[in-house]
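Have a look at upload-v5.cif below; it lists mmCIF, C-alpha atoms.
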data_query
#
loop_
_atom_site.group_PDB
_atom_site.id
_atom_site.type_symbol
_atom_site.label_atom_id
_atom_site.label_comp_id
_atom_site.auth_asym_id
_atom_site.auth_seq_id
_atom_site.Cartn_x
_atom_site.Cartn_y
_atom_site.Cartn_z
ATOM 1 C CA MET A 1 23.514 -12.263 -3.462
ATOM 2 C CA LYS A 2 23.489 -8.922 -5.242
ATOM 3 C CA THR A 3 23.587 -6.891 -2.053
ATOM 4 C CA ASP A 4 23.276 -7.186 1.718
ATOM 5 C CA CYS A 5 19.689 -7.921 2.729
ATOM 6 C CA ARG A 6 17.933 -7.149 5.997
ATOM 7 C CA ILE A 7 15.456 -9.914 6.846
ATOM 8 C CA GLY A 8 12.870 -10.241 9.611
ATOM 9 C CA LEU A 9 11.603 -13.386 11.343
ATOM 10 C CA VAL A 10 8.287 -13.178 13.142
ATOM 11 C CA GLN A 11 7.026 -14.776 16.338
ATOM 12 C CA MET A 12 3.246 -14.425 16.177
ATOM 13 C CA GLU A 13 0.063 -15.681 17.790
ATOM 14 C CA SER A 14 -2.504 -16.890 15.222
ATOM 15 C CA ILE A 15 -6.045 -17.807 16.217
ATOM 16 C CA VAL A 16 -7.579 -20.710 14.315
ATOM 17 C CA GLY A 17 -10.260 -19.526 11.909
ATOM 18 C CA ASP A 18 -9.955 -15.827 12.781
ATOM 19 C CA THR A 19 -8.370 -14.895 9.473
ATOM 20 C CA GLU A 20 -9.375 -11.230 9.661
ATOM 21 C CA ARG A 21 -7.613 -10.754 13.010
ATOM 22 C CA ASN A 22 -4.550 -12.651 11.845
ATOM 23 C CA CYS A 23 -4.392 -10.737 8.560
ATOM 24 C CA GLN A 24 -4.529 -7.357 10.287
ATOM 25 C CA LYS A 25 -1.775 -8.453 12.651
ATOM 26 C CA ILE A 26 0.393 -9.504 9.697
ATOM 27 C CA ILE A 27 -0.133 -6.101 8.087
ATOM 28 C CA HIS A 28 0.729 -4.323 11.355
ATOM 29 C CA LEU A 29 3.931 -6.346 11.725
ATOM 30 C CA ALA A 30 4.822 -5.624 8.097
ATOM 31 C CA GLU A 31 4.452 -1.905 8.796
ATOM 32 C CA THR A 32 6.693 -2.279 11.836
ATOM 33 C CA ALA A 33 9.255 -4.167 9.748
ATOM 34 C CA HIS A 34 9.214 -1.427 7.124
ATOM 35 C CA LYS A 35 10.167 1.122 9.797
ATOM 36 C CA GLN A 36 13.095 -1.147 10.725
ATOM 37 C CA GLU A 37 14.222 -1.145 7.073
ATOM 38 C CA ILE A 38 13.539 -4.868 6.691
ATOM 39 C CA SER A 39 13.297 -5.981 3.056
ATOM 40 C CA LEU A 40 11.946 -9.514 3.527
ATOM 41 C CA LEU A 41 9.689 -10.637 6.380
ATOM 42 C CA CYS A 42 8.954 -14.300 7.125
ATOM 43 C CA PHE A 43 5.919 -15.327 9.193
ATOM 44 C CA PRO A 44 5.366 -18.707 10.892
ATOM 45 C CA GLU A 45 3.558 -21.741 9.515
ATOM 46 C CA CYS A 46 -0.192 -21.182 9.026
ATOM 47 C CA SER A 47 0.084 -17.651 10.423
ATOM 48 C CA LEU A 48 -2.826 -16.375 8.316
ATOM 49 C CA ASP A 49 -5.333 -19.062 9.349
ATOM 50 C CA GLY A 50 -3.951 -20.569 12.542
ATOM 51 C CA TYR A 51 -2.616 -24.092 12.918
ATOM 52 C CA SER A 52 -5.052 -26.909 13.711
ATOM 53 C CA PRO A 53 -5.039 -29.977 11.431
ATOM 54 C CA GLN A 54 -8.397 -31.199 12.750
ATOM 55 C CA ASN A 55 -10.054 -27.973 11.582
ATOM 56 C CA ALA A 56 -8.217 -27.696 8.273
ATOM 57 C CA ALA A 57 -11.160 -28.626 6.061
ATOM 58 C CA GLU A 58 -13.141 -25.634 7.380
ATOM 59 C CA MET A 59 -10.248 -23.154 7.161
ATOM 60 C CA GLY A 60 -8.131 -21.426 4.601
ATOM 61 C CA ASP A 61 -8.751 -20.094 1.136
ATOM 62 C CA THR A 62 -7.316 -19.972 -2.368
ATOM 63 C CA LEU A 63 -4.412 -17.833 -3.519
ATOM 64 C CA ASP A 64 -6.853 -15.413 -5.164
ATOM 65 C CA SER A 65 -8.748 -14.752 -1.919
ATOM 66 C CA PRO A 66 -9.413 -11.231 -0.583
ATOM 67 C CA TRP A 67 -6.938 -11.905 2.261
ATOM 68 C CA ILE A 68 -4.090 -12.579 -0.135
ATOM 69 C CA SER A 69 -5.111 -9.505 -2.146
ATOM 70 C CA GLN A 70 -4.843 -7.381 1.017
ATOM 71 C CA LEU A 71 -1.408 -8.767 1.831
ATOM 72 C CA ARG A 72 -0.250 -8.321 -1.751
ATOM 73 C CA GLU A 73 -1.332 -4.677 -1.602
ATOM 74 C CA CYS A 74 0.541 -4.309 1.699
ATOM 75 C CA SER A 75 3.680 -5.735 0.087
ATOM 76 C CA GLN A 76 3.417 -3.297 -2.806
ATOM 77 C CA ASP A 77 2.711 -0.267 -0.629
ATOM 78 C CA LEU A 78 5.665 -0.962 1.673
ATOM 79 C CA GLY A 79 8.072 -2.330 -0.927
ATOM 80 C CA ILE A 80 8.649 -5.399 1.255
ATOM 81 C CA THR A 81 8.576 -9.122 0.438
ATOM 82 C CA LEU A 82 6.218 -11.099 2.694
ATOM 83 C CA LEU A 83 6.411 -14.850 3.307
ATOM 84 C CA VAL A 84 3.096 -15.799 4.890
ATOM 85 C CA GLY A 85 1.938 -19.212 6.108
ATOM 86 C CA MET A 86 -1.586 -20.274 5.170
ATOM 87 C CA VAL A 87 -3.956 -23.192 4.725
ATOM 88 C CA GLU A 88 -4.368 -23.280 0.952
ATOM 89 C CA GLN A 89 -7.607 -24.672 -0.413
ATOM 90 C CA LYS A 90 -7.776 -25.751 -4.049
ATOM 91 C CA ARG A 91 -11.003 -26.334 -5.921
ATOM 92 C CA ASP A 92 -9.784 -29.629 -7.404
ATOM 93 C CA GLN A 93 -8.334 -30.915 -4.125
ATOM 94 C CA ASN A 94 -10.208 -32.713 -1.330
ATOM 95 C CA LYS A 95 -7.643 -31.848 1.327
ATOM 96 C CA PRO A 96 -5.842 -28.478 1.593
ATOM 97 C CA TYR A 97 -2.131 -27.765 1.560
ATOM 98 C CA ILE A 98 -0.011 -26.305 4.328
ATOM 99 C CA ALA A 99 1.470 -23.543 2.206
ATOM 100 C CA HIS A 100 3.640 -20.453 2.322
ATOM 101 C CA VAL A 101 2.753 -17.677 -0.092
ATOM 102 C CA ILE A 102 5.509 -15.359 -1.324
ATOM 103 C CA LEU A 103 4.341 -11.808 -1.989
ATOM 104 C CA SER A 104 6.827 -9.431 -3.595
ATOM 105 C CA PRO A 105 6.205 -5.950 -4.979
ATOM 106 C CA GLN A 106 5.303 -6.005 -8.685
ATOM 107 C CA GLU A 107 5.299 -9.826 -8.755
ATOM 108 C CA GLU A 108 2.508 -12.377 -8.964
ATOM 109 C CA PRO A 109 1.985 -14.423 -5.775
ATOM 110 C CA ALA A 110 4.118 -17.569 -5.644
ATOM 111 C CA VAL A 111 3.766 -20.523 -3.297
ATOM 112 C CA PHE A 112 5.609 -23.354 -1.584
ATOM 113 C CA ARG A 113 3.547 -26.310 -0.346
ATOM 114 C CA LYS A 114 4.816 -28.381 2.578
ATOM 115 C CA ALA A 115 6.288 -31.572 1.130
ATOM 116 C CA HIS A 116 6.875 -33.655 4.264
ATOM 117 C CA LEU A 117 3.785 -33.853 6.445
ATOM 118 C CA GLY A 118 4.001 -34.896 10.080
ATOM 119 C CA ARG A 119 2.106 -38.058 10.954
ATOM 120 C CA SER A 120 -0.604 -36.044 12.705
ATOM 121 C CA GLU A 121 -1.098 -34.017 9.480
ATOM 122 C CA LEU A 122 -1.359 -36.825 6.920
ATOM 123 C CA THR A 123 -5.098 -37.360 7.443
ATOM 124 C CA TYR A 124 -5.958 -33.695 6.967
ATOM 125 C CA PHE A 125 -3.589 -32.259 4.343
ATOM 126 C CA THR A 126 -2.230 -32.919 0.862
ATOM 127 C CA PRO A 127 1.597 -32.938 0.585
ATOM 128 C CA GLY A 128 3.362 -30.697 -1.903
ATOM 129 C CA ASP A 129 5.535 -32.304 -4.561
ATOM 130 C CA CYS A 130 8.115 -29.763 -5.722
ATOM 131 C CA PHE A 131 10.949 -27.606 -4.401
ATOM 132 C CA PRO A 132 10.724 -24.135 -5.983
ATOM 133 C CA ILE A 133 13.211 -21.350 -5.443
ATOM 134 C CA PHE A 134 12.379 -17.648 -5.477
ATOM 135 C CA SER A 135 14.196 -14.375 -6.088
ATOM 136 C CA ALA A 136 13.483 -11.061 -4.361
ATOM 137 C CA GLN A 137 15.351 -8.186 -2.753
ATOM 138 C CA GLY A 138 18.579 -9.133 -4.526
ATOM 139 C CA MET A 139 18.778 -12.690 -3.227
ATOM 140 C CA THR A 140 17.670 -16.211 -4.142
ATOM 141 C CA PHE A 141 15.854 -18.125 -1.419
ATOM 142 C CA ALA A 142 13.653 -21.116 -0.664
ATOM 143 C CA VAL A 143 11.141 -22.183 1.960
ATOM 144 C CA GLY A 144 10.648 -25.416 3.881
ATOM 145 C CA ILE A 145 7.943 -25.736 6.514
ATOM 146 C CA CYS A 146 8.650 -27.254 9.938
ATOM 147 C CA TRP A 147 8.956 -31.049 9.436
ATOM 148 C CA ASP A 148 10.505 -30.497 5.988
ATOM 149 C CA TRP A 149 13.828 -29.576 7.575
ATOM 150 C CA HIS A 150 14.358 -33.048 9.052
ATOM 151 C CA PHE A 151 15.174 -34.223 5.512
ATOM 152 C CA PRO A 152 18.713 -33.175 4.442
ATOM 153 C CA GLU A 153 18.095 -33.913 0.770
ATOM 154 C CA MET A 154 15.650 -31.032 0.501
ATOM 155 C CA ALA A 155 18.180 -28.452 1.663
ATOM 156 C CA ALA A 156 20.790 -29.881 -0.715
ATOM 157 C CA ILE A 157 18.417 -29.592 -3.684
ATOM 158 C CA TYR A 158 17.660 -25.983 -2.800
ATOM 159 C CA SER A 159 21.337 -25.079 -2.527
ATOM 160 C CA LEU A 160 22.178 -26.799 -5.821
ATOM 161 C CA LYS A 161 19.361 -24.826 -7.461
ATOM 162 C CA GLY A 162 21.026 -21.630 -6.294
ATOM 163 C CA ALA A 163 19.258 -20.771 -3.038
ATOM 164 C CA GLU A 164 21.419 -18.579 -0.810
ATOM 165 C CA VAL A 165 18.930 -18.294 2.069
ATOM 166 C CA LEU A 166 16.561 -20.940 3.448
ATOM 167 C CA PHE A 167 13.516 -20.009 5.523
ATOM 168 C CA ALA A 168 12.093 -22.414 8.102
ATOM 169 C CA PRO A 169 8.675 -21.295 9.404
ATOM 170 C CA HIS A 170 7.260 -23.519 12.156
ATOM 171 C CA ALA A 171 4.126 -24.300 14.140
ATOM 172 C CA SER A 172 5.817 -26.196 16.966
ATOM 173 C CA PRO A 173 3.856 -26.541 20.215
ATOM 174 C CA ILE A 174 5.254 -26.166 23.710
ATOM 175 C CA VAL A 175 5.051 -29.925 24.271
ATOM 176 C CA ALA A 176 7.723 -30.413 21.576
ATOM 177 C CA GLY A 177 10.300 -28.653 23.765
ATOM 178 C CA ASP A 178 12.534 -25.585 23.564
ATOM 179 C CA ARG A 179 12.706 -24.606 19.904
ATOM 180 C CA LYS A 180 16.099 -22.939 19.977
ATOM 181 C CA GLU A 181 17.800 -25.895 21.634
ATOM 182 C CA ILE A 182 16.191 -28.393 19.247
ATOM 183 C CA TRP A 183 16.721 -26.275 16.121
ATOM 184 C CA LEU A 184 20.441 -25.935 16.750
ATOM 185 C CA ARG A 185 20.814 -29.717 16.626
ATOM 186 C CA TYR A 186 19.844 -29.984 12.965
ATOM 187 C CA LEU A 187 19.212 -26.583 11.357
ATOM 188 C CA GLY A 188 22.855 -25.679 11.872
ATOM 189 C CA ALA A 189 23.768 -28.789 9.876
ATOM 190 C CA ARG A 190 21.354 -27.832 7.065
ATOM 191 C CA ALA A 191 23.086 -24.437 6.808
ATOM 192 C CA TYR A 192 26.656 -25.740 7.185
ATOM 193 C CA ASP A 193 26.427 -28.668 4.770
ATOM 194 C CA ASN A 194 24.825 -26.548 2.048
ATOM 195 C CA SER A 195 26.599 -23.195 2.574
ATOM 196 C CA VAL A 196 23.399 -21.199 3.051
ATOM 197 C CA TYR A 197 21.948 -18.712 5.495
ATOM 198 C CA LEU A 198 18.969 -20.123 7.373
ATOM 199 C CA GLY A 199 16.230 -18.231 9.226
ATOM 200 C CA ALA A 200 13.687 -19.981 11.446
ATOM 201 C CA CYS A 201 10.596 -18.702 13.244
ATOM 202 C CA ASN A 202 7.662 -20.167 15.158
ATOM 203 C CA LEU A 203 4.120 -19.464 16.275
ATOM 204 C CA ILE A 204 3.767 -18.295 19.867
ATOM 205 C CA GLY A 205 0.929 -18.316 22.375
ATOM 206 C CA SER A 206 -2.503 -19.898 21.927
ATOM 207 C CA ASN A 207 -4.232 -21.023 18.740
ATOM 208 C CA GLY A 208 -7.637 -20.580 20.372
ATOM 209 C CA LYS A 209 -8.113 -24.363 20.365
ATOM 210 C CA ALA A 210 -6.247 -25.339 23.542
ATOM 211 C CA LYS A 211 -2.856 -25.652 21.826
ATOM 212 C CA GLN A 212 0.079 -23.494 22.964
ATOM 213 C CA PHE A 213 3.125 -22.662 20.866
ATOM 214 C CA SER A 214 6.600 -21.989 22.195
ATOM 215 C CA GLY A 215 7.828 -19.240 19.867
ATOM 216 C CA GLY A 216 11.452 -18.897 18.841
ATOM 217 C CA ALA A 217 13.391 -17.173 16.060
ATOM 218 C CA LEU A 218 17.018 -17.445 14.977
ATOM 219 C CA VAL A 219 19.410 -16.907 12.078
ATOM 220 C CA ILE A 220 22.245 -19.295 11.221
ATOM 221 C CA GLY A 221 25.204 -18.477 8.972
ATOM 222 C CA PRO A 222 26.558 -20.511 6.035
ATOM 223 C CA LYS A 223 29.123 -22.168 8.290
ATOM 224 C CA GLY A 224 26.516 -23.298 10.804
ATOM 225 C CA ASP A 225 27.245 -20.413 13.165
ATOM 226 C CA LEU A 226 24.469 -18.777 15.189
ATOM 227 C CA ILE A 227 24.264 -15.180 13.975
ATOM 228 C CA ASN A 228 21.231 -13.964 15.912
ATOM 229 C CA GLN A 229 18.397 -15.278 18.063
ATOM 230 C CA SER A 230 15.358 -13.888 19.808
ATOM 231 C CA TYR A 231 15.034 -13.871 23.568
ATOM 232 C CA LEU A 232 11.475 -12.563 23.410
ATOM 233 C CA GLY A 233 8.762 -14.607 25.063
ATOM 234 C CA GLU A 234 6.144 -12.661 23.142
ATOM 235 C CA GLU A 235 5.186 -11.564 19.646
ATOM 236 C CA GLY A 236 7.826 -9.631 17.766
ATOM 237 C CA ILE A 237 10.352 -9.473 14.925
ATOM 238 C CA LEU A 238 13.958 -10.662 14.907
ATOM 239 C CA ALA A 239 15.815 -8.452 12.387
ATOM 240 C CA THR A 240 19.186 -9.425 10.890
ATOM 241 C CA THR A 241 21.282 -8.112 8.011
ATOM 242 C CA LEU A 242 22.726 -10.891 5.837
ATOM 243 C CA SER A 243 26.136 -10.193 4.291
ATOM 244 C CA ALA A 244 26.292 -10.671 0.525
ATOM 245 C CA GLU A 245 30.108 -10.682 0.569
ATOM 246 C CA ARG A 246 30.212 -13.645 2.937
ATOM 247 C CA ILE A 247 27.942 -15.960 0.939
ATOM 248 C CA ASN A 248 29.433 -14.865 -2.393
ATOM 249 C CA ARG A 249 32.949 -15.620 -1.177
ATOM 250 C CA ILE A 250 31.935 -19.167 -0.253
ATOM 251 C CA ARG A 251 29.978 -19.758 -3.455
ATOM 252 C CA ARG A 252 32.634 -18.584 -5.918
ATOM 253 C CA PRO A 253 34.255 -21.395 -7.996
ATOM 254 C CA ASP A 254 37.858 -20.332 -7.288
ATOM 255 C CA ARG A 255 37.740 -20.604 -3.501
ATOM 256 C CA ALA A 256 41.133 -20.007 -1.972
ATOM 257 C CA SER A 257 40.912 -21.953 1.304
ATOM 258 C CA MET A 258 39.157 -24.843 3.033
ATOM 259 C CA ARG A 259 37.568 -22.295 5.336
ATOM 260 C CA ASP A 260 35.467 -21.014 2.453
ATOM 261 C CA SER A 261 34.605 -24.391 0.899
ATOM 262 C CA PHE A 262 31.253 -24.894 -0.804
ATOM 263 C CA PHE A 263 31.009 -28.602 -0.007
ATOM 264 C CA LEU A 264 28.362 -29.448 -2.603
ATOM 265 C CA ALA A 265 30.813 -28.479 -5.351
ATOM 266 C CA ASP A 266 32.908 -31.562 -4.512
ATOM 267 C CA ARG A 267 30.148 -34.154 -4.171
ATOM 268 C CA ARG A 268 30.177 -37.361 -6.260
ATOM 269 C CA LYS A 269 26.568 -37.750 -7.281
ATOM 270 C CA GLU A 270 27.317 -40.932 -9.263
ATOM 271 C CA LEU A 271 27.783 -42.694 -5.910
ATOM 272 C CA TYR A 272 24.408 -41.754 -4.430
ATOM 273 C CA ARG A 273 22.068 -44.057 -6.359
ATOM 274 C CA GLU A 274 21.397 -46.072 -3.207
ATOM 275 C CA LEU A 275 20.047 -42.989 -1.457
ATOM 276 C CA ILE A 276 16.793 -43.110 -3.442
ATOM 277 C CA GLU A 277 16.593 -46.912 -3.598
ATOM 278 C CA LEU A 278 17.151 -47.894 0.018
ATOM 279 C CA ASP A 279 14.455 -47.809 2.670
ATOM 280 C CA ILE A 280 14.547 -48.154 6.444
ATOM 281 C CA LEU A 281 15.489 -51.664 7.483
ATOM 282 C CA ASP A 282 12.609 -53.431 9.239
ATOM 283 C CA ARG A 283 14.329 -54.820 12.333
ATOM 284 C CA SER A 284 11.318 -56.944 13.282
ATOM 285 C CA LYS A 285 11.641 -58.909 10.041
ATOM 286 C CA VAL A 286 15.368 -59.355 10.531
ATOM 287 C CA SER A 287 14.895 -60.723 14.039
ATOM 288 C CA ASN A 288 12.277 -63.229 12.822
ATOM 289 C CA GLU A 289 14.460 -64.697 10.077
#
Output the file's structure in the form of structure tokens.
Amino acid sequence: MKTDCRIGLVQMESIVGDTERNCQKIIHLAETAHKQEISLLCFPECSLDGYSPQNAAEMGDTLDSPWISQLRECSQDLGITLLVGMVEQKRDQNKPYIAHVILSPQEEPAVFRKAHLGRSELTYFTPGDCFPIFSAQGMTFAVGICWDWHFPEMAAIYSLKGAEVLFAPHASPIVAGDRKEIWLRYLGARAYDNSVYLGACNLIGSNGKAKQFSGGALVIGPKGDLINQSYLGEEGILATTLSAERINRIRRPDRASMRDSFFLADRRKELYRELIELDILDRSKVSNE
């Protein structure tokens, strides 16, 4: 990281199909973040369009839509990088993507498309097929959306590509349980194993279609330590300043102690061929043999 960076993680209510309302709320929260001297603001999964797989075909828009143009203008006016969840329609695609658009001042819009779809999403969405990294505000970062973070390989690829911060926007409903308790079981491991900062956030409230979201926002350090978390039960921004010195000390090649180890530097990739060849063992077949 070139310098310390103040990031913001948003808990937000998004109503399915009411893109105008959601867009204006995103702009308002961006203005609030600017007053808090936040340089990069991450919104939850599908924050622009609302989250409802069954309605996906009727929702969303392309990256050159008027909504994205408004948010891009907001980013430029405020000098802030916005990470906004959306349902991305493509003219050559039957099913849309669950996407996160990255809007930075003076830059063209960039996008990450959710690679690992939940089983309830497979019928309605197209999965993404690449793991891009982005640079803004003096840091290199990457995005994974909700279910993506249950797959350790993805975080490792991002870290090896140079990502210093990982963002984990979610659309996790209340029925899935307390986000903060569940996140700490595995997101801490994603940060610790890969020596990265990790920021997570979630939708909150109703989607207007009888689904309720639990909210939640937290920041984890590159040693798996909980740096900050939100206790709000309502919409708002969790702001945290990430230390450049801390991540740079861990990432430097001449580390002086085990305490500052960058574990991926010592991996033996020649031993991991089986990782991409093996599949889950079908216990039913084993028991029948």
**Request:** For the file shown, report as a PyMOL selection string the outcome of the PyMOL selection byres ((chain A and resi 207) around 6) at residue level.
**Result:** chain A and resi 14-16+206+208-209+211
**Prompt:** Given the file above and the PyMOL selection byres ((chain A and resi 25-27) around 9), which residues are selected, and can you give them as number ranges by chain?
**Reply:** A: 12, 14, 20-24, 28-32, 43, 47-48, 70-71, 74-75, 84
**Prompt:** Which residues, written as an NGL selection string, have at least one atom at most 6 Å from Phe141 (chain A), with only C-alpha atoms counted and residues fewer than 5 positions away on the same chain left out?
**Reply:** :A and (133-134 or 163-166)
**Request:** Taking the file above as input, evaluate the PyMOL selection byres ((chain A and resi 38) around 12) and report the hits as a ChimeraX atom specification.
**Result:** /A:4-10,29-37,39-42,75,78-82,137,237-242
Selection to disk with C-alpha atoms, as a JSON list (two decimals), keeping the file's coordinate frame:
[["chain", "number", "residue", "atom", "x", "y", "z"],
["A", 4, "ASP", "CA", 23.28, -7.19, 1.72],
["A", 5, "CYS", "CA", 19.69, -7.92, 2.73],
["A", 6, "ARG", "CA", 17.93, -7.15, 6.00],
["A", 7, "ILE", "CA", 15.46, -9.91, 6.85],
["A", 8, "GLY", "CA", 12.87, -10.24, 9.61],
["A", 9, "LEU", "CA", 11.60, -13.39, 11.34],
["A", 10, "VAL", "CA", 8.29, -13.18, 13.14],
["A", 29, "LEU", "CA", 3.93, -6.35, 11.72],
["A", 30, "ALA", "CA", 4.82, -5.62, 8.10],
["A", 31, "GLU", "CA", 4.45, -1.90, 8.80],
["A", 32, "THR", "CA", 6.69, -2.28, 11.84],
["A", 33, "ALA", "CA", 9.26, -4.17, 9.75],
["A", 34, "HIS", "CA", 9.21, -1.43, 7.12],
["A", 35, "LYS", "CA", 10.17, 1.12, 9.80],
["A", 36, "GLN", "CA", 13.10, -1.15, 10.72],
["A", 37, "GLU", "CA", 14.22, -1.14, 7.07],
["A", 39, "SER", "CA", 13.30, -5.98, 3.06],
["A", 40, "LEU", "CA", 11.95, -9.51, 3.53],
["A", 41, "LEU", "CA", 9.69, -10.64, 6.38],
["A", 42, "CYS", "CA", 8.95, -14.30, 7.12],
["A", 75, "SER", "CA", 3.68, -5.74, 0.09],
["A", 78, "LEU", "CA", 5.66, -0.96, 1.67],
["A", 79, "GLY", "CA", 8.07, -2.33, -0.93],
["A", 80, "ILE", "CA", 8.65, -5.40, 1.25],
["A", 81, "THR", "CA", 8.58, -9.12, 0.44],
["A", 82, "LEU", "CA", 6.22, -11.10, 2.69],
["A", 137, "GLN", "CA", 15.35, -8.19, -2.75],
["A", 237, "ILE", "CA", 10.35, -9.47, 14.92],
["A", 238, "LEU", "CA", 13.96, -10.66, 14.91],
["A", 239, "ALA", "CA", 15.82, -8.45, 12.39],
["A", 240, "THR", "CA", 19.19, -9.43, 10.89],
["A", 241, "THR", "CA", 21.28, -8.11, 8.01],
["A", 242, "LEU", "CA", 22.73, -10.89, 5.84]]
**Request:** Have a look at A:Ala99, A:Arg179, A:Asn228, A:Ser172 and name the one nearest to Gly199 (chain A); count only C-alpha atoms.
**Result:** A:Asn228
